[in-house]
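my_file24.txt (compact mmCIF, C-alpha atoms) appears below.
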```txt
# COMPACT_ATOMS: atom_id res chain seq x y z
CA MET A 1 -2.55 -13.23 29.64
CA ARG A 2 -3.01 -12.77 25.92
CA ARG A 3 -5.78 -10.56 24.60
CA PHE A 4 -6.98 -12.15 21.38
CA ILE A 5 -8.34 -10.01 18.55
CA ASP A 6 -10.08 -11.13 15.37
CA LEU A 7 -9.41 -8.23 13.05
CA HIS A 8 -11.64 -9.42 10.22
CA LEU A 9 -15.29 -10.33 10.55
CA ARG A 10 -17.51 -9.61 7.55
CA PRO A 11 -21.11 -10.48 8.46
CA ARG A 12 -23.69 -10.30 5.68
CA SER A 13 -26.60 -9.20 7.86
CA ARG A 14 -27.35 -7.55 11.17
CA GLU A 15 -28.57 -10.87 12.63
CA GLU A 16 -25.34 -12.61 11.68
CA LEU A 17 -23.35 -9.74 13.15
CA GLU A 18 -25.04 -10.15 16.53
CA LEU A 19 -24.50 -13.92 16.46
CA MET A 20 -20.86 -13.50 15.53
CA LEU A 21 -20.17 -11.01 18.30
CA GLY A 22 -21.58 -13.39 20.90
CA LYS A 23 -19.61 -16.25 19.46
CA ALA A 24 -16.37 -14.24 19.35
CA LEU A 25 -16.63 -13.68 23.09
CA TRP A 26 -17.39 -17.38 23.68
CA LEU A 27 -14.36 -18.39 21.62
CA GLY A 28 -12.09 -16.24 23.79
CA TYR A 29 -11.65 -13.06 21.75
CA ARG A 30 -11.57 -9.73 23.56
CA GLY A 31 -11.77 -7.59 20.44
CA VAL A 32 -13.10 -7.79 16.89
CA ALA A 33 -13.02 -5.57 13.83
CA VAL A 34 -16.24 -5.68 11.84
CA ALA A 35 -16.14 -4.92 8.14
CA GLY A 36 -19.18 -4.09 6.05
CA ASP A 37 -21.95 -1.55 6.31
CA GLN A 38 -24.31 -3.37 8.66
CA PRO A 39 -26.15 -0.77 10.75
CA LYS A 40 -24.40 -0.64 14.12
CA GLY A 41 -27.00 1.62 15.80
CA ASN A 42 -28.62 0.12 18.93
CA LEU A 43 -26.19 -2.77 18.68
CA GLU A 44 -25.92 -4.59 21.98
CA ALA A 45 -22.24 -5.46 22.13
CA PRO A 46 -21.50 -8.30 24.54
CA GLU A 47 -19.78 -7.10 27.69
CA GLY A 48 -16.03 -7.57 27.54
CA LEU A 49 -15.80 -7.42 23.76
CA ASP A 50 -14.16 -4.43 22.11
CA ILE A 51 -15.67 -3.72 18.68
CA VAL A 52 -13.88 -1.57 16.10
CA SER A 53 -14.99 -0.45 12.66
CA ARG A 54 -13.21 -1.66 9.57
CA ILE A 55 -13.59 -1.17 5.84
CA ASP A 56 -12.38 -3.49 3.10
CA LEU A 57 -11.51 -1.52 -0.01
CA LYS A 58 -11.55 -3.46 -3.28
CA PRO A 59 -10.37 -0.93 -5.87
CA ARG A 60 -9.62 -1.83 -9.47
CA THR A 61 -6.95 0.82 -9.96
CA ALA A 62 -4.39 2.68 -7.87
CA GLY A 63 -6.23 5.95 -8.59
CA ALA A 64 -9.52 4.51 -7.33
CA LEU A 65 -7.73 3.41 -4.16
CA LYS A 66 -6.41 6.91 -3.50
CA ALA A 67 -9.86 8.42 -4.03
CA SER A 68 -11.45 5.91 -1.65
CA LEU A 69 -8.80 6.50 1.00
CA ARG A 70 -9.43 10.27 0.97
CA ARG A 71 -13.09 9.53 1.66
CA VAL A 72 -12.90 6.82 4.33
CA ARG A 73 -9.68 7.22 6.29
CA THR A 74 -11.14 9.24 9.14
CA LEU A 75 -14.36 7.22 9.31
CA TYR A 76 -12.95 3.77 10.17
CA VAL A 77 -10.43 2.56 12.71
CA VAL A 78 -9.04 -0.11 10.38
CA VAL A 79 -8.67 0.40 6.63
CA ALA A 80 -7.86 -2.77 4.69
CA VAL A 81 -7.21 -3.25 0.99
CA GLU A 82 -7.97 -6.41 -0.95
CA CYS A 83 -5.22 -6.62 -3.56
CA ARG A 84 -6.35 -8.02 -6.90
CA SER A 85 -3.81 -6.27 -9.11
CA LYS A 86 -0.14 -5.48 -8.68
CA ALA A 87 -0.67 -1.74 -9.15
CA VAL A 88 -3.25 -1.66 -6.35
CA ALA A 89 -1.06 -3.83 -4.11
CA ARG A 90 1.97 -1.54 -4.55
CA GLN A 91 -0.05 1.63 -3.98
CA ALA A 92 -1.70 0.12 -0.88
CA ALA A 93 1.65 -0.92 0.58
CA ARG A 94 3.23 2.51 0.14
CA ASP A 95 0.24 4.56 1.36
CA HIS A 96 0.37 5.62 5.04
CA ARG A 97 -3.43 5.58 5.24
CA VAL A 98 -3.67 1.82 4.65
CA ASP A 99 -3.43 -0.39 7.74
CA VAL A 100 -3.72 -3.85 6.28
CA VAL A 101 -3.30 -5.55 2.92
CA TYR A 102 -4.51 -9.04 2.07
CA PHE A 103 -4.39 -11.19 -1.03
CA PRO A 104 -7.38 -13.38 -1.99
CA PRO A 105 -6.33 -16.89 -3.14
CA GLY A 106 -7.41 -16.45 -6.76
CA SER A 107 -5.57 -13.17 -7.32
CA GLY A 108 -2.25 -14.75 -8.30
CA LEU A 109 -0.50 -12.17 -6.13
CA TRP A 110 1.31 -12.54 -2.84
CA PHE A 111 3.24 -10.52 -0.32
CA ASP A 112 6.54 -10.47 -2.19
CA ASP A 113 9.73 -8.75 -1.10
CA ALA A 114 9.07 -5.49 -2.97
CA GLU A 115 5.65 -5.31 -1.33
CA ALA A 116 7.19 -6.00 2.08
CA ARG A 117 9.78 -3.24 1.61
CA LEU A 118 7.10 -0.68 0.81
CA ALA A 119 4.87 -1.87 3.66
CA ALA A 120 7.75 -1.59 6.13
CA GLN A 121 8.19 2.09 5.23
CA SER A 122 4.49 2.96 5.50
CA GLY A 123 3.59 0.89 8.59
CA CYS A 124 1.15 -1.33 6.73
CA ALA A 125 0.52 -4.91 7.97
CA TYR A 126 0.12 -8.17 6.05
CA GLU A 127 -3.08 -10.08 6.82
CA ILE A 128 -3.80 -13.77 6.36
CA ASN A 129 -7.43 -14.87 6.49
CA LEU A 130 -8.35 -18.30 7.80
CA VAL A 131 -11.09 -18.75 5.18
CA ASP A 132 -8.51 -18.22 2.42
CA LEU A 133 -6.05 -20.58 4.10
CA LEU A 134 -8.72 -23.28 4.41
CA THR A 135 -9.63 -22.86 0.73
CA LEU A 136 -5.99 -23.43 -0.21
CA ILE A 137 -5.78 -26.49 2.04
CA GLU A 138 -9.05 -28.03 0.83
CA ASP A 139 -8.16 -27.51 -2.82
CA GLY A 140 -4.63 -28.79 -2.23
CA ARG A 141 -3.15 -25.64 -3.77
CA LEU A 142 0.40 -26.13 -2.64
CA ARG A 143 1.79 -23.18 -4.56
CA GLY A 144 -0.73 -20.90 -2.83
CA LEU A 145 0.29 -22.25 0.57
CA ARG A 146 3.97 -21.83 -0.24
CA ARG A 147 3.31 -18.20 -1.20
CA VAL A 148 1.59 -17.53 2.10
CA ALA A 149 4.62 -18.98 3.89
CA GLU A 150 6.96 -16.87 1.72
CA GLY A 151 4.82 -13.81 2.42
CA ILE A 152 5.26 -14.32 6.16
CA GLN A 153 9.03 -14.72 5.77
CA ASN A 154 9.21 -11.56 3.62
CA ALA A 155 7.18 -9.64 6.20
CA TRP A 156 9.46 -10.78 9.04
CA ARG A 157 12.60 -9.98 7.09
CA ARG A 158 11.41 -6.38 6.61
CA GLY A 159 9.83 -5.98 10.05
CA VAL A 160 6.24 -5.86 8.81
CA PRO A 161 3.62 -7.08 11.32
CA VAL A 162 1.62 -10.12 10.24
CA ILE A 163 -2.04 -10.42 11.24
CA LEU A 164 -3.97 -13.66 11.37
CA SER A 165 -7.75 -13.22 11.15
CA SER A 166 -10.73 -15.44 10.51
CA GLY A 167 -12.19 -13.46 7.58
CA ALA A 168 -15.47 -15.10 8.58
CA SER A 169 -18.70 -14.07 6.90
CA GLU A 170 -20.83 -16.47 8.97
CA PRO A 171 -20.54 -17.88 12.51
CA LEU A 172 -19.55 -21.36 11.29
CA GLU A 173 -16.38 -19.93 9.72
CA MET A 174 -15.12 -18.60 13.05
CA ARG A 175 -12.49 -20.55 15.01
CA GLU A 176 -10.95 -20.28 18.46
CA PRO A 177 -7.74 -18.17 18.49
CA ARG A 178 -5.34 -20.95 19.51
CA GLY A 179 -6.72 -23.21 16.79
CA LEU A 180 -6.26 -20.40 14.31
CA ALA A 181 -2.65 -19.94 15.38
CA SER A 182 -1.97 -23.69 15.39
CA LEU A 183 -2.93 -23.90 11.73
CA LEU A 184 0.16 -21.85 10.85
CA THR A 185 2.39 -24.63 12.21
CA LEU A 186 1.52 -26.24 8.88
CA LEU A 187 3.67 -23.53 7.28
CA ASP A 188 6.53 -24.10 9.75
CA ILE A 189 5.63 -21.04 11.80
CA ASP A 190 6.43 -21.26 15.49
CA LEU A 191 3.29 -21.37 17.66
CA GLU A 192 4.37 -18.40 19.81
CA ASP A 193 4.92 -16.28 16.69
CA ALA A 194 1.52 -17.33 15.35
CA LEU A 195 -0.14 -16.38 18.65
CA GLU A 196 1.35 -12.88 18.32
CA MET A 197 -0.47 -12.60 15.00
CA VAL A 198 -3.85 -13.01 16.70
CA SER A 199 -3.10 -10.87 19.75
CA THR A 200 -0.29 -8.31 19.99
CA ASN A 201 -0.06 -7.40 16.30
CA PRO A 202 -3.75 -6.58 15.70
CA GLN A 203 -3.94 -4.86 19.09
CA GLY A 204 -1.05 -2.61 18.03
CA ILE A 205 -2.90 -1.50 14.90
CA ILE A 206 -6.08 -0.72 16.82
CA GLU A 207 -4.25 1.29 19.50
CA ARG A 208 -2.22 3.23 16.94
CA ASN A 209 -5.27 4.16 14.89
CA ARG A 210 -7.40 5.10 17.87
CA ARG A 211 -4.66 7.51 18.87
CA LYS A 212 -4.59 8.89 15.32
CA LEU A 213 -8.35 9.37 15.21
CA SER A 214 -8.49 10.92 18.68
CA GLY A 215 -7.29 14.28 17.38
CA GLU A 216 -3.89 14.18 19.10
CA TYR A 217 -2.16 12.97 15.96
CA ALA A 218 -0.52 15.58 13.72
CA ALA A 219 1.97 13.65 11.57
CA PRO A 220 4.14 10.54 11.91
CA GLY A 221 6.11 11.12 15.12
CA VAL A 222 4.27 14.37 16.01
CA ARG A 223 1.52 14.46 18.63
CA VAL A 224 -0.51 17.40 19.90
CA ILE A 225 0.00 17.59 23.68
CA GLY A 226 -1.66 20.94 24.32
CA GLN A 227 -3.17 23.99 22.64
CA GLY A 228 -3.17 27.75 23.20
CA GLY A 229 -0.56 30.07 24.70
CA GLY A 230 1.37 30.43 21.45
CA VAL A 231 5.03 31.36 21.33
CA ASP A 232 5.86 35.05 20.91
CA ALA A 233 7.70 35.24 17.59
CA ARG A 234 9.34 38.64 18.18
CA MET B 1 19.02 -47.30 27.00
CA PRO B 2 16.73 -44.60 28.48
CA VAL B 3 13.29 -44.50 26.93
CA GLU B 4 11.16 -41.36 26.97
CA ALA B 5 7.78 -42.02 28.56
CA LEU B 6 4.90 -41.61 26.15
CA ARG B 7 2.86 -38.61 27.26
CA ARG B 8 -0.62 -37.90 26.03
CA ARG B 9 -2.82 -34.86 25.70
CA TYR B 10 -6.58 -35.02 25.83
CA LEU B 11 -8.57 -32.34 24.02
CA ALA B 12 -12.25 -31.74 24.68
CA PHE B 13 -14.01 -30.16 21.72
CA LYS B 14 -17.48 -29.03 20.72
CA VAL B 15 -18.99 -29.66 17.33
CA GLU B 16 -20.94 -26.79 15.83
CA GLY B 17 -23.24 -27.10 12.84
CA GLU B 18 -25.16 -30.13 11.66
CA THR B 19 -25.54 -33.44 13.48
CA VAL B 20 -22.71 -35.90 12.89
CA LYS B 21 -22.17 -39.54 13.81
CA ARG B 22 -19.23 -40.70 15.89
CA ARG B 23 -17.76 -42.90 13.17
CA ASP B 24 -17.93 -40.12 10.55
CA LEU B 25 -16.34 -37.67 12.96
CA GLU B 26 -13.50 -40.05 13.77
CA GLU B 27 -12.77 -40.51 10.08
CA ALA B 28 -12.90 -36.76 9.53
CA ILE B 29 -10.36 -36.14 12.31
CA LYS B 30 -7.95 -38.76 11.01
CA GLY B 31 -8.52 -37.56 7.44
CA SER B 32 -7.72 -33.99 8.45
CA VAL B 33 -4.47 -35.03 10.17
CA GLU B 34 -3.46 -37.05 7.12
CA ARG B 35 -4.33 -34.25 4.69
CA LEU B 36 -2.29 -31.67 6.65
CA TYR B 37 0.64 -33.75 7.86
CA GLY B 38 0.54 -36.98 5.86
CA LEU B 39 1.10 -40.49 7.15
CA ASN B 40 4.07 -39.17 9.08
CA GLY B 41 1.72 -36.91 11.05
CA LEU B 42 -0.79 -39.71 11.54
CA TRP B 43 1.64 -42.00 13.32
CA LYS B 44 3.24 -39.16 15.28
CA LEU B 45 -0.07 -37.81 16.57
CA GLU B 46 -1.91 -41.11 16.93
CA PRO B 47 -5.25 -39.27 17.02
CA THR B 48 -7.90 -41.33 18.82
CA LEU B 49 -11.46 -40.28 19.44
CA ILE B 50 -12.00 -41.39 23.03
CA GLU B 51 -15.65 -40.44 23.27
CA PHE B 52 -18.30 -38.37 21.55
CA ASP B 53 -21.59 -37.36 23.09
CA GLU B 54 -23.89 -36.92 20.10
CA HIS B 55 -26.53 -35.23 22.24
CA HIS B 56 -24.31 -32.51 23.75
CA ARG B 57 -22.01 -32.59 20.72
CA ILE B 58 -18.91 -32.70 22.90
CA GLY B 59 -16.06 -35.11 22.23
CA ILE B 60 -12.62 -35.97 23.56
CA VAL B 61 -9.68 -36.77 21.32
CA ARG B 62 -6.29 -38.05 22.43
CA CYS B 63 -2.93 -37.30 20.86
CA ASN B 64 0.80 -37.44 21.56
CA HIS B 65 1.69 -34.40 23.73
CA ARG B 66 4.57 -33.20 21.51
CA TRP B 67 2.24 -32.68 18.61
CA LEU B 68 -0.59 -30.85 20.35
CA PRO B 69 -0.48 -27.80 17.99
CA TRP B 70 -0.76 -30.18 15.03
CA MET B 71 -3.82 -31.78 16.60
CA ARG B 72 -5.42 -28.39 17.18
CA ALA B 73 -4.64 -27.41 13.60
CA ALA B 74 -6.22 -30.60 12.27
CA LEU B 75 -9.39 -29.97 14.29
CA THR B 76 -9.49 -26.34 13.12
CA ALA B 77 -9.16 -27.37 9.48
CA ILE B 78 -12.28 -29.55 9.55
CA THR B 79 -15.07 -27.72 7.74
CA GLU B 80 -17.40 -30.57 6.82
CA VAL B 81 -18.24 -34.18 7.62
CA GLU B 82 -20.00 -36.26 4.99
CA GLY B 83 -20.86 -33.06 3.12
CA LYS B 84 -22.41 -31.41 6.20
CA PRO B 85 -20.81 -28.09 7.17
CA ILE B 86 -19.43 -28.14 10.72
CA ALA B 87 -16.79 -26.47 12.88
CA LEU B 88 -14.84 -27.91 15.82
CA HIS B 89 -13.79 -25.77 18.75
CA VAL B 90 -11.36 -26.95 21.41
CA LEU B 91 -12.81 -26.33 24.87
CA ARG B 92 -10.12 -27.70 27.19
CA VAL B 93 -6.80 -29.51 27.04
CA SER B 94 -5.46 -31.74 29.79
CA GLY B 95 -2.80 -34.35 30.48
CA THR B 96 -5.25 -36.83 32.01
CA LEU B 97 -8.72 -37.88 31.08
CA ARG B 98 -9.94 -37.57 34.65
CA ALA B 99 -8.77 -33.95 35.01
CA LEU B 100 -10.30 -33.07 31.68
CA ARG B 101 -13.68 -34.52 32.62
CA ARG B 102 -13.56 -32.74 35.99
CA ARG B 103 -12.83 -29.41 34.30
CA LEU B 104 -15.57 -29.95 31.76
CA GLU B 105 -18.08 -30.65 34.50
CA SER B 106 -17.07 -27.52 36.43
CA THR B 107 -17.70 -25.25 33.42
```
Any chance you could put this one into structure tokens?
Amino acid sequence: MRRFIDLHLRPRSREELELMLGKALWLGYRGVAVAGDQPKGNLEAPEGLDIVSRIDLKPRTAGALKASLRRVRTLYVVVAVECRSKAVARQAARDHRVDVVYFPPGSGLWFDDAEARLAAQSGCAYEINLVDLLTLIEDGRLRGLRRVAEGIQNAWRRGVPVILSSGASEPLEMREPRGLASLLTLLDIDLEDALEMVSTNPQGIIERNRRKLSGEYAAPGVRVIGQGGGVDAR
Amino acid sequence: MPVEALRRRYLAFKVEGETVKRRDLEEAIKGSVERLYGLNGLWKLEPTLIEFDEHHRIGIVRCNHRWLPWMRAALTAITEVEGKPIALHVLRVSGTLRALRRRLEST
């Protein structure tokens, strides 16, 4: 049975956060990533719902992105970058500390092949938010929709995982996971592939980062399995 | 010449948000299918609102079984009806109306 994850909730208040967590469970999600700095202390998480921390970085320059990453990488399970300039997008895609990149509809940018190549090397994923997709549909922005479809094809060609999230900032913007996945059939994406984007792919990012933050992680491909009893160098 | 039997799917859904009337909802569903998939989608899906309980805000829509993901997508893409913000969530899907109603009652 699939374990659905909504990797992008961005509630504006503590009250909304609590409502959204309850609704996520009702909709069939088993995990959510919550962006924003709502106080999480004394938060009563619904039973059966895994909640992970996430931060959305919105830097203006590549330098500002690097500075932010130094500060936040160890504090959040998921680090996402909203790409509003090409320099930021390229830096985000090549940086190992970035988990997810997404492109807001008005940015004029998309997940092109150069971006996909960099992301494939760093292990960064490409995220599509439902709220952005619905904006493109409602406004009839066909070029925007075509770029999302091209972004998915570029990601697949380079082996970059694609994530489908709600990007909801209020409960009414949330949708059930199968509905979310079905919407990608509009872009000629197979339903099974779309379901992976709301289940296996986000789950993979969460598991990888939890391992990294657990203290066992040393470097890509190197894990600490024990300490003490050093080797005699003589 | 062999003819493929027409199979249907029935989707039960819940409306969240403001109160909506049955007729407005039906138009919104058909409008959403047409906006996403055009007239071609409209005749393929044949979306029909079978019933809508305005009190419990639960409805049942019928479509051609081959195009079930398109129907789900069209329901997901609805964000407002007559200017009122709403969201539709699919609760159950079934091949017969009777089974769908039975499952709805048991939950």
| Counting only C-alpha atoms, which residues of chain A come no farther than 6 Å from chain B, as a PyMOL selection string? | chain A and resi 179+182-183
Keeping only C-alpha atoms, write the selected residues as a PDB file, in the coordinates of the input.
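Saved the output as result_35.pdb:
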```
ATOM      1  CA  GLY A 179      -6.720 -23.210  16.790  1.00  0.00           C
ATOM      2  CA  SER A 182      -1.970 -23.690  15.390  1.00  0.00           C
ATOM      3  CA  LEU A 183      -2.930 -23.900  11.730  1.00  0.00           C
TER       4      LEU A 183
END
```
| query | Which one is closest to Leu187 in chain A: A:Leu142, A:Leu21, A:Met174, A:Ala114? Count only C-alpha atoms. | reply | A:Leu142
| said: Taking 2 positions as the minimum chain separation for residues in the same chain, which residues sit within 9 Å of Val198 in chain A when counting all atoms listed in the file? Answer as a PyMOL selection string. | reply: chain A and resi 3-7+162-165+177-178+180-181+194-196+200-203
| So how many Å separate CA of Glu170 in chain A and CA of Leu19 in chain A, to one decimal? | 8.7 Å
| message | Residues near range 66-80 of chain A, anyone? I mean within 7 Å using all atoms listed in the file, not counting same-chain ones fewer than 4 positions away, as a ChimeraX atom specification. | response | /A:52-57,62,97-101,206,209-210,213
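Note that CA of Phe103 in chain A and CA of Leu9 in chain A are 15.9 Å apart.
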Residues proximal to (3.5, -38.8, 27.2) were defined as those with any atom within 9 Å of that point in the file's coordinates, counting all atoms listed in the file. Which are they, as a CSV table (one decimal) with C-alpha atoms, in the frame of the given file?
```csv
chain,number,residue,atom,x,y,z
B,4,GLU,CA,11.2,-41.4,27.0
B,5,ALA,CA,7.8,-42.0,28.6
B,6,LEU,CA,4.9,-41.6,26.2
B,7,ARG,CA,2.9,-38.6,27.3
B,8,ARG,CA,-0.6,-37.9,26.0
B,9,ARG,CA,-2.8,-34.9,25.7
B,64,ASN,CA,0.8,-37.4,21.6
B,65,HIS,CA,1.7,-34.4,23.7
B,66,ARG,CA,4.6,-33.2,21.5
B,95,GLY,CA,-2.8,-34.4,30.5
```
| request: Please indicate the distance in Å from CA of Ser106 in chain B to CA of Ser199 in chain A, rounded to one decimal place. | output: 27.4 Å
| Top pick for closest residue to Arg103 in chain B, considering B:Glu27, B:Ala12, B:Thr19, B:Met1 and counting all atoms listed in the file | B:Ala12
Within 10 Å of (-6.6, -32.7, 30.9) (coordinates as in the file), grab all the protein and nucleic acid residues, counting only C-alpha atoms, and write them out as a short mmCIF file (atom, residue, chain, number, x, y, z; two decimals) with C-alpha atoms, in the coordinates of the input.
```
data_model
loop_
_atom_site.label_atom_id
_atom_site.label_comp_id
_atom_site.auth_asym_id
_atom_site.auth_seq_id
_atom_site.Cartn_x
_atom_site.Cartn_y
_atom_site.Cartn_z
CA ARG B 8 -0.62 -37.90 26.03
CA ARG B 9 -2.82 -34.86 25.70
CA TYR B 10 -6.58 -35.02 25.83
CA LEU B 11 -8.57 -32.34 24.02
CA ALA B 12 -12.25 -31.74 24.68
CA ARG B 92 -10.12 -27.70 27.19
CA VAL B 93 -6.80 -29.51 27.04
CA SER B 94 -5.46 -31.74 29.79
CA GLY B 95 -2.80 -34.35 30.48
CA THR B 96 -5.25 -36.83 32.01
CA LEU B 97 -8.72 -37.88 31.08
CA ARG B 98 -9.94 -37.57 34.65
CA ALA B 99 -8.77 -33.95 35.01
CA LEU B 100 -10.30 -33.07 31.68
CA ARG B 101 -13.68 -34.52 32.62
CA ARG B 102 -13.56 -32.74 35.99
CA ARG B 103 -12.83 -29.41 34.30
CA LEU B 104 -15.57 -29.95 31.76
#
```
| field | Nearest to Pro104 in chain A by atom-to-atom distance, counting all atoms listed in the file, from A:Ala87, A:Val224, A:Leu136, A:Val32 | value |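 Counting all atoms listed in the file, the residue closest to Pro104 in chain A is A:Leu136.
Nearest to Trp156 in chain A of all the residues A:Glu82, A:Asp193, A:Glu44, A:Glu16 is A:Asp193, counting only C-alpha atoms.
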List the spatial neighbours of Leu42 in chain B as a tab-separated table (two decimals) with C-alpha atoms, in the frame of the given file - criterion: any atom at most 8 Å away, only C-alpha atoms, same-chain residues fewer than 6 positions off excluded.
```
chain	number	residue	atom	x	y	z
B	30	LYS	CA	-7.95	-38.76	11.01
B	33	VAL	CA	-4.47	-35.03	10.17
B	34	GLU	CA	-3.46	-37.05	7.12
```
| request: Determine, counting all atoms listed in the file, which protein, DNA and RNA residues have an atom within 10 Å of an atom of Arg157 in chain A; residues of the same chain fewer than 6 positions away are not included. Present the result as a list in words. | output: Asp113, Ala116, Arg117, Ala120 and Gly151 of chain A
